[in-house]
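Raw contents of coords.pdb, PDB, C-alpha atoms:
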```pdb
ATOM      1  CA  MET W 166       0.488 159.011 219.222
ATOM      2  CA  ARG W 167       4.285 158.884 219.333
ATOM      3  CA  SER W 168       6.061 159.273 222.626
ATOM      4  CA  CYS W 169       9.157 161.405 222.938
ATOM      5  CA  PRO W 170      12.206 159.313 223.874
ATOM      6  CA  TRP W 171      13.682 162.142 225.934
ATOM      7  CA  ARG W 172      10.550 162.399 228.084
ATOM      8  CA  SER W 173      11.306 159.086 229.817
ATOM      9  CA  TRP W 174      14.899 160.129 230.334
ATOM     10  CA  VAL W 175      13.860 163.449 231.924
ATOM     11  CA  LEU W 176      11.375 161.706 234.234
ATOM     12  CA  GLY W 177      13.996 159.139 235.228
ATOM     13  CA  MET W 178      16.586 161.807 235.990
ATOM     14  CA  GLY W 179      14.066 163.796 238.032
ATOM     15  CA  PHE W 180      13.304 160.714 240.112
ATOM     16  CA  CYS W 181      17.032 160.107 240.709
ATOM     17  CA  VAL W 182      17.523 163.692 241.852
ATOM     18  CA  LEU W 183      14.766 163.209 244.444
ATOM     19  CA  LEU W 184      16.593 160.174 245.866
ATOM     20  CA  ILE W 185      20.010 161.829 246.220
ATOM     21  CA  PRO W 186      19.248 163.799 249.423
ATOM     22  CA  THR W 187      17.914 160.667 251.154
ATOM     23  CA  ALA W 188      21.011 158.670 250.292
ATOM     24  CA  SER W 189      23.364 161.407 251.462
ATOM     25  CA  MET W 190      21.397 162.042 254.679
ATOM     26  CA  ALA W 191      21.799 158.349 255.597
ATOM     27  CA  GLU W 192      25.537 158.988 255.652
ATOM     28  CA  THR W 193      25.357 160.952 258.916
ATOM     29  CA  LEU W 194      24.333 160.300 262.497
ATOM     30  CA  ARG W 195      22.791 163.255 264.330
ATOM     31  CA  LEU W 196      23.601 163.795 268.003
ATOM     32  CA  ILE W 197      21.279 166.162 269.861
ATOM     33  CA  ASP W 198      22.006 167.643 273.279
ATOM     34  CA  GLY W 199      19.579 170.459 274.034
ATOM     35  CA  ASP W 200      20.166 173.135 271.393
ATOM     36  CA  ASP W 201      23.440 171.564 270.256
ATOM     37  CA  VAL W 202      23.178 169.350 267.172
ATOM     38  CA  GLU W 203      26.186 167.533 265.749
ATOM     39  CA  ALA W 204      26.212 165.521 262.524
ATOM     40  CA  ILE W 205      28.869 162.808 262.437
ATOM     41  CA  SER W 206      29.690 161.112 259.160
ATOM     42  CA  ILE W 207      29.064 157.383 259.052
ATOM     43  CA  GLU W 208      32.461 156.976 257.396
ATOM     44  CA  GLN W 209      34.082 158.619 260.419
ATOM     45  CA  LEU W 210      32.207 156.221 262.709
ATOM     46  CA  ARG W 211      33.382 153.260 260.636
ATOM     47  CA  GLN W 212      36.973 154.430 260.975
ATOM     48  CA  GLN W 213      36.550 154.687 264.750
ATOM     49  CA  SER W 214      35.041 151.189 264.937
ATOM     50  CA  ASN W 215      38.111 149.475 266.324
ATOM     51  CA  HIS W 216      36.540 146.711 268.427
ATOM     52  CA  GLN W 217      35.781 143.483 266.569
ATOM     53  CA  PHE W 218      33.904 140.569 268.112
ATOM     54  CA  GLU W 219      31.863 137.581 267.096
ATOM     55  CA  LEU W 220      28.434 136.921 268.527
ATOM     56  CA  PHE W 221      25.268 135.050 267.764
ATOM     57  CA  ASP W 222      22.759 137.456 266.231
ATOM     58  CA  PRO W 223      19.366 136.186 267.428
ATOM     59  CA  TYR W 224      17.545 138.034 264.630
ATOM     60  CA  GLN W 225      19.604 136.398 261.871
ATOM     61  CA  GLY W 226      19.905 133.093 263.695
ATOM     62  CA  GLU W 227      23.654 132.840 263.076
ATOM     63  CA  SER W 228      27.027 133.972 264.361
ATOM     64  CA  VAL W 229      28.352 137.166 262.814
ATOM     65  CA  THR W 230      31.470 139.267 263.185
ATOM     66  CA  MET W 231      30.678 142.822 264.217
ATOM     67  CA  ARG W 232      32.915 145.844 264.419
ATOM     68  CA  GLY W 233      32.075 148.919 266.402
ATOM     69  CA  MET W 234      32.922 150.878 269.519
ATOM     70  CA  PRO W 235      31.865 150.760 273.168
ATOM     71  CA  PHE W 236      28.741 152.886 273.389
ATOM     72  CA  LYS W 237      29.664 154.314 276.793
ATOM     73  CA  ASP W 238      32.970 155.611 275.347
ATOM     74  CA  PHE W 239      31.154 157.043 272.321
ATOM     75  CA  LEU W 240      28.713 158.930 274.563
ATOM     76  CA  THR W 241      31.480 160.327 276.752
ATOM     77  CA  ARG W 242      33.446 161.489 273.711
ATOM     78  CA  HIS W 243      30.510 163.234 272.023
ATOM     79  CA  PHE W 244      28.248 164.323 274.901
ATOM     80  CA  GLY W 245      30.972 164.831 277.519
ATOM     81  CA  ARG W 246      29.089 162.398 279.770
ATOM     82  CA  VAL W 247      26.802 159.382 279.696
ATOM     83  CA  PRO W 248      23.330 160.993 279.614
ATOM     84  CA  ALA W 249      20.786 159.510 281.998
ATOM     85  CA  MET W 250      18.324 158.928 279.143
ATOM     86  CA  LEU W 251      18.623 158.784 275.380
ATOM     87  CA  ARG W 252      15.991 159.076 272.679
ATOM     88  CA  PHE W 253      16.802 157.103 269.550
ATOM     89  CA  THR W 254      15.154 157.812 266.224
ATOM     90  CA  ALA W 255      15.539 155.276 263.427
ATOM     91  CA  TRP W 256      15.367 155.856 259.674
ATOM     92  CA  ASP W 257      12.002 154.054 259.543
ATOM     93  CA  GLY W 258      10.463 156.470 262.079
ATOM     94  CA  TYR W 259      10.788 154.191 265.125
ATOM     95  CA  ARG W 260      11.449 156.190 268.324
ATOM     96  CA  VAL W 261      12.317 154.964 271.767
ATOM     97  CA  THR W 262      13.676 156.540 274.953
ATOM     98  CA  LEU W 263      15.812 154.331 277.196
ATOM     99  CA  ASP W 264      18.158 154.661 280.150
ATOM    100  CA  GLY W 265      20.980 152.619 281.675
ATOM    101  CA  TRP W 266      23.836 153.265 279.243
ATOM    102  CA  GLU W 267      26.599 152.911 281.852
ATOM    103  CA  ASP W 268      26.690 149.186 281.026
ATOM    104  CA  ALA W 269      29.899 148.420 279.129
ATOM    105  CA  SER W 270      28.323 145.588 277.105
ATOM    106  CA  TRP W 271      26.596 147.989 274.651
ATOM    107  CA  TYR W 272      28.326 148.614 271.319
ATOM    108  CA  LEU W 273      27.627 151.024 268.497
ATOM    109  CA  VAL W 274      28.186 148.840 265.412
ATOM    110  CA  THR W 275      28.848 150.033 261.853
ATOM    111  CA  ILE W 276      30.344 146.935 260.182
ATOM    112  CA  GLU W 277      29.170 143.333 260.028
ATOM    113  CA  ASN W 278      31.107 140.457 258.460
ATOM    114  CA  ASP W 279      33.602 142.993 257.035
ATOM    115  CA  GLN W 280      30.806 144.857 255.199
ATOM    116  CA  PRO W 281      29.647 148.379 256.078
ATOM    117  CA  LEU W 282      26.101 148.363 257.409
ATOM    118  CA  THR W 283      23.543 150.019 255.149
ATOM    119  CA  LEU W 284      19.848 150.755 255.555
ATOM    120  CA  ARG W 285      19.148 147.407 253.865
ATOM    121  CA  SER W 286      21.277 145.568 256.433
ATOM    122  CA  ARG W 287      19.651 147.332 259.422
ATOM    123  CA  GLY W 288      22.306 150.051 259.549
ATOM    124  CA  PRO W 289      24.180 152.213 258.871
ATOM    125  CA  VAL W 290      24.434 152.384 262.677
ATOM    126  CA  ARG W 291      23.165 149.719 265.042
ATOM    127  CA  LEU W 292      23.251 149.405 268.841
ATOM    128  CA  VAL W 293      23.795 145.853 270.109
ATOM    129  CA  GLU W 294      24.559 144.190 273.398
ATOM    130  CA  ARG W 295      27.717 142.118 273.429
ATOM    131  CA  ASP W 296      27.094 140.173 276.650
ATOM    132  CA  TYR W 297      23.852 138.186 276.745
ATOM    133  CA  ALA W 298      24.268 137.022 280.362
ATOM    134  CA  ASN W 299      21.727 134.205 280.842
ATOM    135  CA  ARG W 300      19.217 135.262 278.198
ATOM    136  CA  ASP W 301      17.769 132.801 275.702
ATOM    137  CA  VAL W 302      18.804 133.719 272.138
ATOM    138  CA  ASN W 303      15.638 132.025 270.854
ATOM    139  CA  ASN W 304      13.440 134.510 272.739
ATOM    140  CA  LEU W 305      13.723 137.675 270.630
ATOM    141  CA  ARG W 306      11.820 139.708 273.247
ATOM    142  CA  GLU W 307      14.899 139.484 275.432
ATOM    143  CA  PHE W 308      16.717 141.639 272.834
ATOM    144  CA  ASN W 309      14.159 144.461 272.527
ATOM    145  CA  ASN W 310      16.782 147.093 273.364
ATOM    146  CA  TRP W 311      18.832 146.388 270.226
ATOM    147  CA  ILE W 312      18.245 149.396 268.002
ATOM    148  CA  TRP W 313      18.724 149.334 264.228
ATOM    149  CA  MET W 314      18.941 151.969 261.513
ATOM    150  CA  ILE W 315      19.792 154.738 263.997
ATOM    151  CA  ARG W 316      19.296 158.183 262.504
ATOM    152  CA  SER W 317      19.745 160.282 265.655
ATOM    153  CA  ILE W 318      20.580 160.022 269.342
ATOM    154  CA  GLU W 319      19.249 162.688 271.697
ATOM    155  CA  ALA W 320      20.071 163.293 275.364
ATOM    156  CA  VAL W 321      16.788 163.846 277.210
ATOM    157  CA  GLY W 322      15.732 164.578 280.774
ATOM    158  CA  SER W 323      12.831 162.087 280.936
ATOM    159  CA  PRO W 324      10.933 159.674 278.653
TER     160      PRO W 324
END
```
Could you rewrite the structure in this file as structure tokens?
Amino acid sequence: MRSCPWRSWVLGMGFCVLLIPTASMAETLRLIDGDDVEAISIEQLRQQSNHQFELFDPYQGESVTMRGMPFKDFLTRHFGRVPAMLRFTAWDGYRVTLDGWEDASWYLVTIENDQPLTLRSRGPVRLVERDYANRDVNNLREFNNWIWMIRSIEAVGSP
């Protein structure tokens, strides 16, 4: 039985079409505040990432240069306040609700070593802590609040 050469092409194109929405959806960050939902383009976030710093990334085991923005400033700009609690949803389905975002050491990062973060590099948006205080970088549990691959941030009343 002979196979049709165009059949493979059609199947391949159909598969590519299915992937397009996922790729384009990863180009936005959703902010949710009650009934209000705002989608911010990742490119816009990268352009606003005007704070650059070097730190030791305990997960990679090396120093990296990160560029982002103070998370407290980001929250004030987009929510009009620093919500008491935030629910984060990541692209891999991970969800967590945390409080205490008044701390100025938290940064929303979009660029690492002059490269835009992607889903493959634990992006496109990542929340990191710039000041480690006295924590041991070899104990990864001390960095459990770092959040990768952020898909949405939601202001919530309680966990």
Inset, instruction - Skip W:Ser317 itself and residues of its chain fewer than 6 positions away, then list as a list in words all residues within 9 Å of it, counting all atoms listed in the file. - result: Thr193, Leu194, Arg195, Leu196, Ile197, Ala204, Arg252, Phe253, Thr254, Ala255 and Trp256 of chain W
Legend entry - Output check: residues returned by the PyMOL selection byres ((chain W and resi 236) around 8), as a VMD selection string: chain W and resid 234 to 235 237 to 240 266 269 271 to 273 292
Inset, instruction - Can you work out which one of W:Val202, W:Ile318, W:Ile207, W:Ile312 has the shortest atom-to-atom distance to W:Pro289, counting all atoms listed in the file? - result: W:Ile207
Inset, instruction - Pull out every residue that the PyMOL selection byres ((chain W and resi 275-277) around 8) matches in the shown coordinates and put them as a ChimeraX atom specification. - result: /W:207,210-211,214,229-233,273-274,278-282,288-291
Legend entry - Within 12 Å of W:Val321 using all atoms listed in the file, minus same-chain residues under 6 positions, as a count of residues only: 17
Will you model N, CA and C atoms for stretch 275-296 of chain W and pass it back as a compact mmCIF listing (two decimals), in the frame of the given file?
```txt
# COMPACT_ATOMS: atom_id res chain seq x y z
N THR W 275 28.96 149.47 263.19
CA THR W 275 28.85 150.03 261.85
C THR W 275 29.26 149.05 260.76
N ILE W 276 29.85 147.91 261.16
CA ILE W 276 30.34 146.94 260.18
C ILE W 276 29.97 145.54 260.65
N GLU W 277 29.51 144.72 259.72
CA GLU W 277 29.17 143.33 260.03
C GLU W 277 29.75 142.43 258.96
N ASN W 278 30.45 141.39 259.38
CA ASN W 278 31.11 140.46 258.46
C ASN W 278 31.92 141.20 257.40
N ASP W 279 32.71 142.18 257.87
CA ASP W 279 33.60 142.99 257.04
C ASP W 279 32.88 143.84 255.99
N GLN W 280 31.58 144.03 256.13
CA GLN W 280 30.81 144.86 255.20
C GLN W 280 30.18 146.03 255.97
N PRO W 281 30.30 147.24 255.42
CA PRO W 281 29.65 148.38 256.08
C PRO W 281 28.14 148.15 256.14
N LEU W 282 27.55 148.46 257.28
CA LEU W 282 26.10 148.36 257.41
C LEU W 282 25.44 149.45 256.56
N THR W 283 24.34 149.09 255.94
CA THR W 283 23.54 150.02 255.15
C THR W 283 22.11 149.97 255.68
N LEU W 284 21.25 150.81 255.14
CA LEU W 284 19.85 150.76 255.56
C LEU W 284 19.26 149.37 255.28
N ARG W 285 19.66 148.75 254.20
CA ARG W 285 19.15 147.41 253.86
C ARG W 285 19.61 146.34 254.84
N SER W 286 20.76 146.56 255.48
CA SER W 286 21.28 145.57 256.43
C SER W 286 21.09 146.05 257.88
N ARG W 287 20.04 146.83 258.10
CA ARG W 287 19.65 147.33 259.42
C ARG W 287 20.70 148.28 260.00
N GLY W 288 21.30 149.07 259.14
CA GLY W 288 22.31 150.05 259.55
C GLY W 288 21.86 151.42 259.08
N PRO W 289 22.72 152.32 258.86
CA PRO W 289 24.18 152.21 258.87
C PRO W 289 24.79 152.18 260.27
N VAL W 290 23.96 152.45 261.30
CA VAL W 290 24.43 152.38 262.68
C VAL W 290 23.45 151.53 263.46
N ARG W 291 23.99 150.64 264.26
CA ARG W 291 23.16 149.72 265.04
C ARG W 291 23.71 149.66 266.47
N LEU W 292 22.85 149.55 267.44
CA LEU W 292 23.25 149.40 268.84
C LEU W 292 22.94 147.98 269.27
N VAL W 293 23.97 147.25 269.70
CA VAL W 293 23.80 145.85 270.11
C VAL W 293 24.43 145.63 271.47
N GLU W 294 24.01 144.58 272.11
CA GLU W 294 24.56 144.19 273.40
C GLU W 294 25.49 143.00 273.19
N ARG W 295 26.70 143.15 273.66
CA ARG W 295 27.72 142.12 273.43
C ARG W 295 27.62 140.96 274.42
N ASP W 296 27.18 141.21 275.62
CA ASP W 296 27.09 140.17 276.65
C ASP W 296 25.63 139.83 276.89
```
